[in-house]
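Visitor: Supplied structure: entry.txt, compact mmCIF, C-alpha atoms.
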```txt
# COMPACT_ATOMS: atom_id res chain seq x y z
CA MET A 147 67.80 165.39 135.36
CA ASP A 148 66.02 168.70 134.95
CA PHE A 149 67.35 171.35 132.60
CA ILE A 150 68.30 174.56 134.40
CA LYS A 151 69.37 177.58 132.37
CA ILE A 152 72.25 178.76 134.53
CA THR A 153 73.44 181.14 131.82
CA GLU A 154 70.32 183.24 132.38
CA GLN A 155 70.47 183.35 136.16
CA GLU A 156 70.96 186.55 138.13
CA SER A 157 74.53 187.84 138.26
CA ASN A 158 76.41 187.45 141.52
CA HIS A 159 77.52 191.08 141.18
CA LYS A 160 75.00 193.75 142.19
CA ASP A 161 74.67 197.50 141.58
CA LEU A 162 77.23 197.55 138.77
CA GLU A 163 76.52 201.18 137.92
CA LYS A 164 77.57 202.19 141.44
CA LYS A 165 80.98 200.49 141.35
CA THR A 166 84.32 202.07 140.48
CA VAL A 167 86.23 201.07 137.35
CA PHE A 168 88.74 199.26 139.56
CA GLU A 169 85.97 197.24 141.19
CA LEU A 170 84.37 196.40 137.85
CA VAL A 171 87.63 195.32 136.23
CA ASN A 172 88.55 193.10 139.17
CA ALA A 173 85.09 191.57 139.33
CA MET A 174 85.17 190.69 135.65
CA HIS A 175 88.66 189.26 136.03
CA GLU A 176 87.41 187.10 138.90
CA GLU A 177 84.69 185.70 136.64
CA ASP A 178 87.22 185.05 133.86
CA ASN A 179 89.27 182.98 136.31
CA ASN A 180 86.11 181.01 137.07
CA ALA A 181 85.75 180.40 133.34
CA LEU A 182 89.26 178.92 133.16
CA LYS A 183 88.44 176.56 136.02
CA ALA A 184 85.29 175.48 134.19
CA VAL A 185 87.33 174.61 131.09
CA HIS A 186 89.73 172.58 133.23
CA ASN A 187 86.82 170.49 134.45
CA VAL A 188 85.85 169.37 130.93
CA LEU A 189 89.31 168.64 129.50
CA PRO A 190 88.76 164.84 129.45
CA LYS A 191 85.68 165.39 127.27
CA VAL A 192 87.63 167.68 124.95
CA VAL A 193 90.22 164.91 124.59
CA LYS A 194 87.57 162.37 123.59
CA LEU A 195 86.08 164.74 121.03
CA ILE A 196 89.43 165.46 119.39
CA GLU A 197 90.17 161.74 119.31
CA GLU A 198 86.91 161.32 117.37
CA ILE A 199 87.76 164.15 114.98
CA GLU A 200 91.31 162.96 114.18
CA PRO A 201 90.51 159.87 112.05
CA LYS A 202 87.76 161.71 110.20
CA ILE A 203 90.12 164.53 109.23
CA LYS A 204 92.83 162.04 108.21
CA ASN A 205 90.36 160.17 106.01
CA GLY A 206 89.23 163.30 104.18
CA GLY A 207 86.29 164.17 106.38
CA ARG A 208 85.41 167.69 107.42
CA LEU A 209 84.73 169.54 110.65
CA PHE A 210 81.63 171.74 110.79
CA TYR A 211 80.66 174.26 113.45
CA ILE A 212 77.07 175.49 113.66
CA GLY A 213 75.83 178.25 115.93
CA ALA A 214 73.99 181.55 116.23
CA GLY A 215 74.98 184.98 117.49
CA THR A 216 78.26 185.06 119.42
CA SER A 217 78.55 181.27 119.38
CA GLY A 218 78.15 181.11 115.62
CA ARG A 219 80.62 183.93 115.05
CA LEU A 220 83.20 182.17 117.21
CA GLY A 221 82.81 179.03 115.11
CA VAL A 222 83.25 180.98 111.89
CA LEU A 223 86.27 182.76 113.36
CA ASP A 224 87.95 179.49 114.31
CA ALA A 225 87.23 177.91 110.93
CA SER A 226 88.44 180.95 108.98
CA GLU A 227 91.82 180.86 110.74
CA CYS A 228 92.61 177.29 109.62
CA PRO A 229 93.57 178.01 105.97
CA PRO A 230 96.11 180.78 106.76
CA THR A 231 97.49 179.02 109.85
CA PHE A 232 97.62 175.43 108.61
CA GLY A 233 97.35 175.71 104.82
CA THR A 234 94.13 173.70 104.76
CA PRO A 235 91.47 174.16 102.06
CA PRO A 236 88.53 176.33 103.20
CA GLU A 237 86.19 173.35 103.06
CA LYS A 238 88.21 171.36 105.63
CA VAL A 239 86.88 173.28 108.65
CA VAL A 240 83.62 175.14 108.02
CA GLY A 241 81.78 177.55 110.29
CA LEU A 242 78.06 178.14 109.72
CA VAL A 243 76.19 180.91 111.54
CA ALA A 244 72.44 181.43 111.62
CA GLY A 245 71.64 184.27 109.25
CA GLY A 246 74.68 183.69 107.07
CA ILE A 247 77.43 186.19 106.31
CA PRO A 248 75.40 189.30 107.31
CA ALA A 249 75.09 187.84 110.83
CA LEU A 250 78.86 188.03 111.23
CA TYR A 251 78.83 191.81 111.58
CA SER A 252 75.27 192.64 112.62
CA SER A 253 72.73 191.02 114.88
CA ILE A 254 70.12 188.85 113.14
CA GLU A 255 68.68 187.23 116.24
CA ILE A 256 65.49 185.96 114.56
CA ALA A 257 67.59 183.66 112.33
CA GLU A 258 68.42 181.37 115.24
CA ASP A 259 64.76 180.41 115.73
CA ASP A 260 64.54 178.34 112.52
CA LEU A 261 64.80 174.63 113.38
CA ASN A 262 65.32 173.63 109.74
CA GLN A 263 67.88 176.13 108.47
CA ALA A 264 71.05 174.55 109.86
CA TRP A 265 70.36 171.29 108.05
CA LYS A 266 69.73 173.24 104.84
CA ASP A 267 73.04 175.03 105.34
CA LEU A 268 74.87 171.76 105.99
CA SER A 269 73.21 170.13 102.99
CA ASP A 270 74.53 172.93 100.80
CA HIS A 271 77.98 171.58 101.72
CA ASN A 272 76.98 167.98 100.94
CA ILE A 273 77.41 166.89 104.55
CA SER A 274 78.05 163.15 104.91
CA THR A 275 78.87 160.44 107.44
CA ASN A 276 82.57 161.14 106.84
CA ASP A 277 82.13 164.51 108.59
CA ILE A 278 81.51 165.68 112.15
CA VAL A 279 79.30 168.58 113.26
CA ILE A 280 79.81 170.55 116.47
CA GLY A 281 76.92 172.64 117.72
CA ILE A 282 77.94 175.71 119.71
CA ALA A 283 75.29 177.30 121.93
CA ALA A 284 75.85 178.92 125.31
CA SER A 285 72.29 178.27 126.45
CA GLY A 286 72.05 174.88 124.79
CA THR A 287 68.59 175.79 123.51
CA THR A 288 69.23 177.54 120.18
CA PRO A 289 66.71 176.08 117.67
CA TYR A 290 69.12 176.50 114.74
CA VAL A 291 71.64 174.26 116.53
CA VAL A 292 69.09 171.83 117.99
CA GLY A 293 67.53 171.23 114.58
CA GLY A 294 70.89 170.87 112.87
CA LEU A 295 72.19 168.25 115.29
CA GLN A 296 68.87 166.43 115.31
CA GLU A 297 68.97 165.97 111.54
CA CYS A 298 72.63 164.94 111.68
CA LYS A 299 71.73 162.20 114.16
CA LYS A 300 68.94 160.99 111.86
CA ASN A 301 71.50 160.74 109.05
CA ASN A 302 74.19 158.94 111.11
CA ILE A 303 76.55 161.94 111.13
CA SER A 304 78.76 162.30 114.21
CA THR A 305 77.76 165.20 116.45
CA ALA A 306 79.16 167.13 119.38
CA CYS A 307 78.28 170.24 121.33
CA ILE A 308 79.86 173.02 123.35
CA VAL A 309 77.24 174.38 125.75
CA CYS A 310 77.22 176.10 129.13
CA ASN A 311 74.23 174.39 130.74
CA GLU A 312 73.76 170.73 131.68
CA ASN A 313 71.12 168.46 130.12
CA SER A 314 70.19 170.97 127.43
CA PRO A 315 68.14 170.29 124.26
CA VAL A 316 71.31 170.68 122.16
CA ALA A 317 73.19 168.10 124.25
CA LYS A 318 70.34 165.63 123.70
CA TYR A 319 71.47 165.27 120.08
CA ALA A 320 75.23 165.31 120.66
CA ASP A 321 77.34 162.15 120.68
CA PHE A 322 80.09 164.09 122.44
CA LYS A 323 78.86 166.56 125.05
CA ILE A 324 81.10 169.35 126.31
CA GLU A 325 79.02 171.03 129.00
CA VAL A 326 81.27 173.71 130.45
CA ILE A 327 79.46 175.28 133.38
CA VAL A 328 80.60 178.85 133.95
CA GLY A 329 77.72 179.95 136.18
CA PRO A 330 75.79 183.24 135.91
CA GLU A 331 77.37 185.94 133.77
CA PHE A 332 78.85 189.12 135.23
CA LEU A 333 76.19 191.01 133.30
CA THR A 334 73.01 188.97 133.72
CA GLY A 335 72.33 186.91 130.59
CA SER A 336 75.22 188.33 128.54
CA SER A 337 76.66 185.03 127.33
CA ARG A 338 79.18 186.76 125.06
CA LEU A 339 81.25 187.09 128.26
CA LYS A 340 82.31 183.95 130.19
CA ALA A 341 80.36 181.59 127.95
CA GLY A 342 81.95 183.10 124.86
CA THR A 343 85.39 182.95 126.48
CA VAL A 344 85.20 179.23 127.24
CA GLN A 345 83.82 178.46 123.80
CA LYS A 346 86.77 180.25 122.20
CA LEU A 347 89.28 178.43 124.42
CA ILE A 348 87.82 175.04 123.58
CA LEU A 349 87.60 175.81 119.86
CA ASN A 350 91.29 176.80 119.99
CA MET A 351 92.07 173.34 121.36
CA ILE A 352 89.88 171.48 118.87
CA SER A 353 91.22 173.08 115.70
CA THR A 354 94.86 173.47 116.75
CA ILE A 355 95.28 169.94 118.10
CA SER A 356 93.35 168.40 115.20
CA MET A 357 95.71 170.14 112.78
CA ILE A 358 98.78 169.07 114.76
CA LEU A 359 97.56 165.47 114.55
CA ASP A 360 96.94 165.91 110.84
CA GLY A 361 100.60 166.77 110.31
CA HIS A 362 100.50 170.53 109.78
CA VAL A 363 103.02 171.27 112.54
CA LYS A 364 106.70 170.40 112.94
CA GLY A 365 108.08 170.85 116.43
CA ASN A 366 106.02 173.89 117.36
CA LYS A 367 106.12 175.58 113.95
CA MET A 368 103.32 176.17 111.42
CA ILE A 369 105.03 174.63 108.40
CA ASP A 370 101.97 174.84 106.13
CA MET A 371 100.97 178.42 106.90
CA GLN A 372 100.15 180.76 104.04
CA MET A 373 102.86 183.37 103.42
CA SER A 374 100.43 186.08 102.42
CA ASN A 375 102.07 189.21 103.86
CA ALA A 376 105.42 190.62 104.98
CA LYS A 377 105.01 189.47 108.60
CA LEU A 378 104.28 185.88 107.59
CA ASN A 379 107.11 185.85 105.05
CA LYS A 380 109.48 186.98 107.80
CA ARG A 381 108.15 184.26 110.10
CA ALA A 382 108.65 181.63 107.38
CA ARG A 383 112.26 182.65 106.89
CA LYS A 384 112.91 182.48 110.64
CA ILE A 385 111.47 178.96 110.78
CA LEU A 386 113.90 177.85 108.06
CA ILE A 387 116.84 179.59 109.73
CA ASP A 388 116.05 177.91 113.07
CA GLU A 389 115.26 174.48 111.66
CA LEU A 390 118.07 174.22 109.13
CA GLY A 391 120.77 176.36 110.74
CA ILE A 392 121.15 178.51 107.63
CA ASP A 393 121.54 182.25 107.13
CA GLN A 394 118.84 184.64 105.98
CA GLU A 395 120.10 184.79 102.41
CA LYS A 396 119.78 181.02 102.01
CA ALA A 397 116.36 181.05 103.71
CA ASP A 398 115.20 183.76 101.29
CA ALA A 399 116.38 181.69 98.34
CA LEU A 400 114.54 178.60 99.60
CA ILE A 401 111.28 180.51 100.09
CA VAL A 402 111.50 182.05 96.61
CA LYS A 403 112.19 178.65 95.05
CA HIS A 404 109.75 176.45 96.95
CA LYS A 405 107.07 178.96 98.02
CA SER A 406 106.38 176.64 100.98
CA ILE A 407 108.03 176.08 104.34
CA ARG A 408 107.25 172.35 104.21
CA SER A 409 108.66 171.95 100.70
CA ALA A 410 111.79 173.90 101.60
CA LEU A 411 112.39 171.72 104.67
CA GLU A 412 111.78 168.47 102.81
CA ASN A 413 114.00 169.34 99.84
CA TYR A 414 116.84 171.18 101.55
CA GLN A 415 119.24 168.22 101.52
CA ASN A 416 118.84 168.04 97.73
CA GLU A 417 119.75 171.69 97.16
```
Take the structure in the file and write it out as structure tokens.

Guide:
Amino acid sequence: MDFIKITEQESNHKDLEKKTVFELVNAMHEEDNNALKAVHNVLPKVVKLIEEIEPKIKNGGRLFYIGAGTSGRLGVLDASECPPTFGTPPEKVVGLVAGGIPALYSSIEIAEDDLNQAWKDLSDHNISTNDIVIGIAASGTTPYVVGGLQECKKNNISTACIVCNENSPVAKYADFKIEVIVGPEFLTGSSRLKAGTVQKLILNMISTISMILDGHVKGNKMIDMQMSNAKLNKRARKILIDELGIDQEKADALIVKHKSIRSALENYQNE
């Protein structure tokens, strides 16, 4: 099949500068609803990808995201939330963005054109066949991502992609293809909009469900979260109160003693 770059096609919404705020807000909301429908269409593929990730994580493997621009930043964002949310080491889920740390807060668009840099970045982390690499690219053409997945394939490393066009160069090197077709953007070519939204939604599923399967959740509670501020300490105490049926004073004592929700839950009967 031919590759068509739908993400760059003309917006279905014309004369934006002539519309009222009400019209603009409702038009964007309409497109966001289309994005949700597009995610629904690829849920079976998301399931298969997570089922591939689960045994790798359980056996000590790591999950890598590679991307550029908005896509890369979303990967880094998702990865950076895993340690505080699930108590995982920073190296468990790693986000790599073309251009490195400076690209997180300023645009370094030229960095995405290097076919070789992603593999260099992955090699710095001693990437191996125990790991899995997910390339994130709205267009599906980003050289940084294409080159990274291509080298992973050569080295027998599992690969996946989250893209918003079918039959893209990135998908060519992905074992697990999530092609979530959102159509033309509200603002022509601005893939930080619908494309970015669906990428974030799918990344939420991948990391959250992978961590649930890895045992970091009890019921619907984050029992391995880091208690690094007053809000999180309060949340930890509430989890213990709800789970153990104890009062706040006892919950406080357990947190002070064990410094971990999981440890407090597991050792409560021995108190």

Visitor: With only C-alpha atoms as the atoms that count, which of A:Lys405, A:Lys299, A:Lys238, A:Lys160 lies nearest to A:Lys318?

Guide: A:Lys299

Visitor: Can you work out the spacing between atom CA of A:Ala320 and atom CA of A:Leu339 in Å, to one decimal?

Guide: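 Interatomic distance, atom CA of A:Ala320 to atom CA of A:Leu339: 23.8 Å.
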
Visitor: Pick the closest to A:Ser304 from A:Ile352, A:Leu347, A:Leu390, A:Leu209: which is it, counting all atoms listed in the file?

Guide: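 The shortest atom-to-atom distance to A:Ser304 comes from A:Leu209.
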
Visitor: Quick one: residues within 12 Å of stretch 372-376 of chain A, only C-alpha atoms counted, chain neighbours fewer than 4 positions away excluded, as a PyMOL selection string?

Guide: chain A and resi 227-235+362+368+380-383+401-402+404-408

Visitor: So what do you get for atom CA of A:Ser409 versus atom CA of A:Ile199, distance-wise?

Guide: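 According to the coordinates, atom CA of A:Ser409 and atom CA of A:Ile199 are separated by 26.5 Å.
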
Visitor: Which residue out of A:Arg219, A:Lys164, A:Arg208, A:His159 has the minimum interatomic distance to A:Gly342 when all atoms listed in the file are used?

Guide: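 Looking at the shortest contact to A:Gly342, the residue is A:Arg219.
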
Visitor: Please list as a PDB file with C-alpha atoms, in the frame of the given file every residue within 8 Å of A:Ala317, counting only C-alpha atoms and excluding residues in the same chain fewer than 3 positions away.

Guide:
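Below is the file that was written, out_13.pdb:
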```
ATOM      1  CA  GLY A 286      72.050 174.880 124.790  1.00  0.00           C
ATOM      2  CA  ALA A 306      79.160 167.130 119.380  1.00  0.00           C
ATOM      3  CA  CYS A 307      78.280 170.240 121.330  1.00  0.00           C
ATOM      4  CA  VAL A 309      77.240 174.380 125.750  1.00  0.00           C
ATOM      5  CA  GLU A 312      73.760 170.730 131.680  1.00  0.00           C
ATOM      6  CA  ASN A 313      71.120 168.460 130.120  1.00  0.00           C
ATOM      7  CA  SER A 314      70.190 170.970 127.430  1.00  0.00           C
ATOM      8  CA  ALA A 320      75.230 165.310 120.660  1.00  0.00           C
ATOM      9  CA  LYS A 323      78.860 166.560 125.050  1.00  0.00           C
TER      10      LYS A 323
END
```

Visitor: What does the distance between atom CA of A:Val185 and atom CA of A:Lys202 come to in Å, to one decimal place?

Guide: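 Taking atom CA of A:Val185 and atom CA of A:Lys202, their separation equals 24.6 Å.
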
Visitor: Smallest atom-to-atom distance to A:Leu242: which of A:Lys266, A:Lys346, A:Lys377, A:Lys403, using all atoms listed in the file?

Guide: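 Nearest candidate to A:Leu242 out of A:Lys266, A:Lys346, A:Lys377, A:Lys403: A:Lys266.
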
Visitor: Of the candidates A:Gly213, A:Asp267, A:Leu333, A:Lys151, which one gets nearest to A:Met174 if we count only C-alpha atoms?

Guide: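 Smallest separation from A:Met174 among the options: A:Leu333.
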
Visitor: Please return, as a ChimeraX atom specification, all polymer residues that have at least one atom within 7 Å of the point (74.4, 176.3, 121.9); use all atoms listed in the file and the file's own coordinate frame.

Guide: /A:213,217,281-288,291,308-309,316

Visitor: Using all atoms listed in the file, collect all residues at a distance of at most 8 Å from (74.6, 185.8, 120.7) as written in the file, then present them as a PyMOL selection string.

Guide: chain A and resi 214-218+255+337-338

Visitor: My list of candidates is A:Asn379, A:Thr166, A:Ser353, A:Asn302. Which is closest to A:Leu195 when distances are computed with only C-alpha atoms?

Guide: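 Looking only at the distances to A:Leu195, the closest residue turns out to be A:Ser353.
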
Visitor: Might you pull out every residue within 7 Å of A:Ala264, with only C-alpha atoms counted and same-chain residues fewer than 6 positions away left off, and present them as a PyMOL selection string?

Guide: chain A and resi 290-291+293-294

Visitor: Name all residues at most 12 Å from A:Pro201 (count only C-alpha atoms; drop same-chain ones fewer than 6 positions away) and give them as a ChimeraX atom specification.

Guide: /A:195,207-209,276-278,356-357,359-360
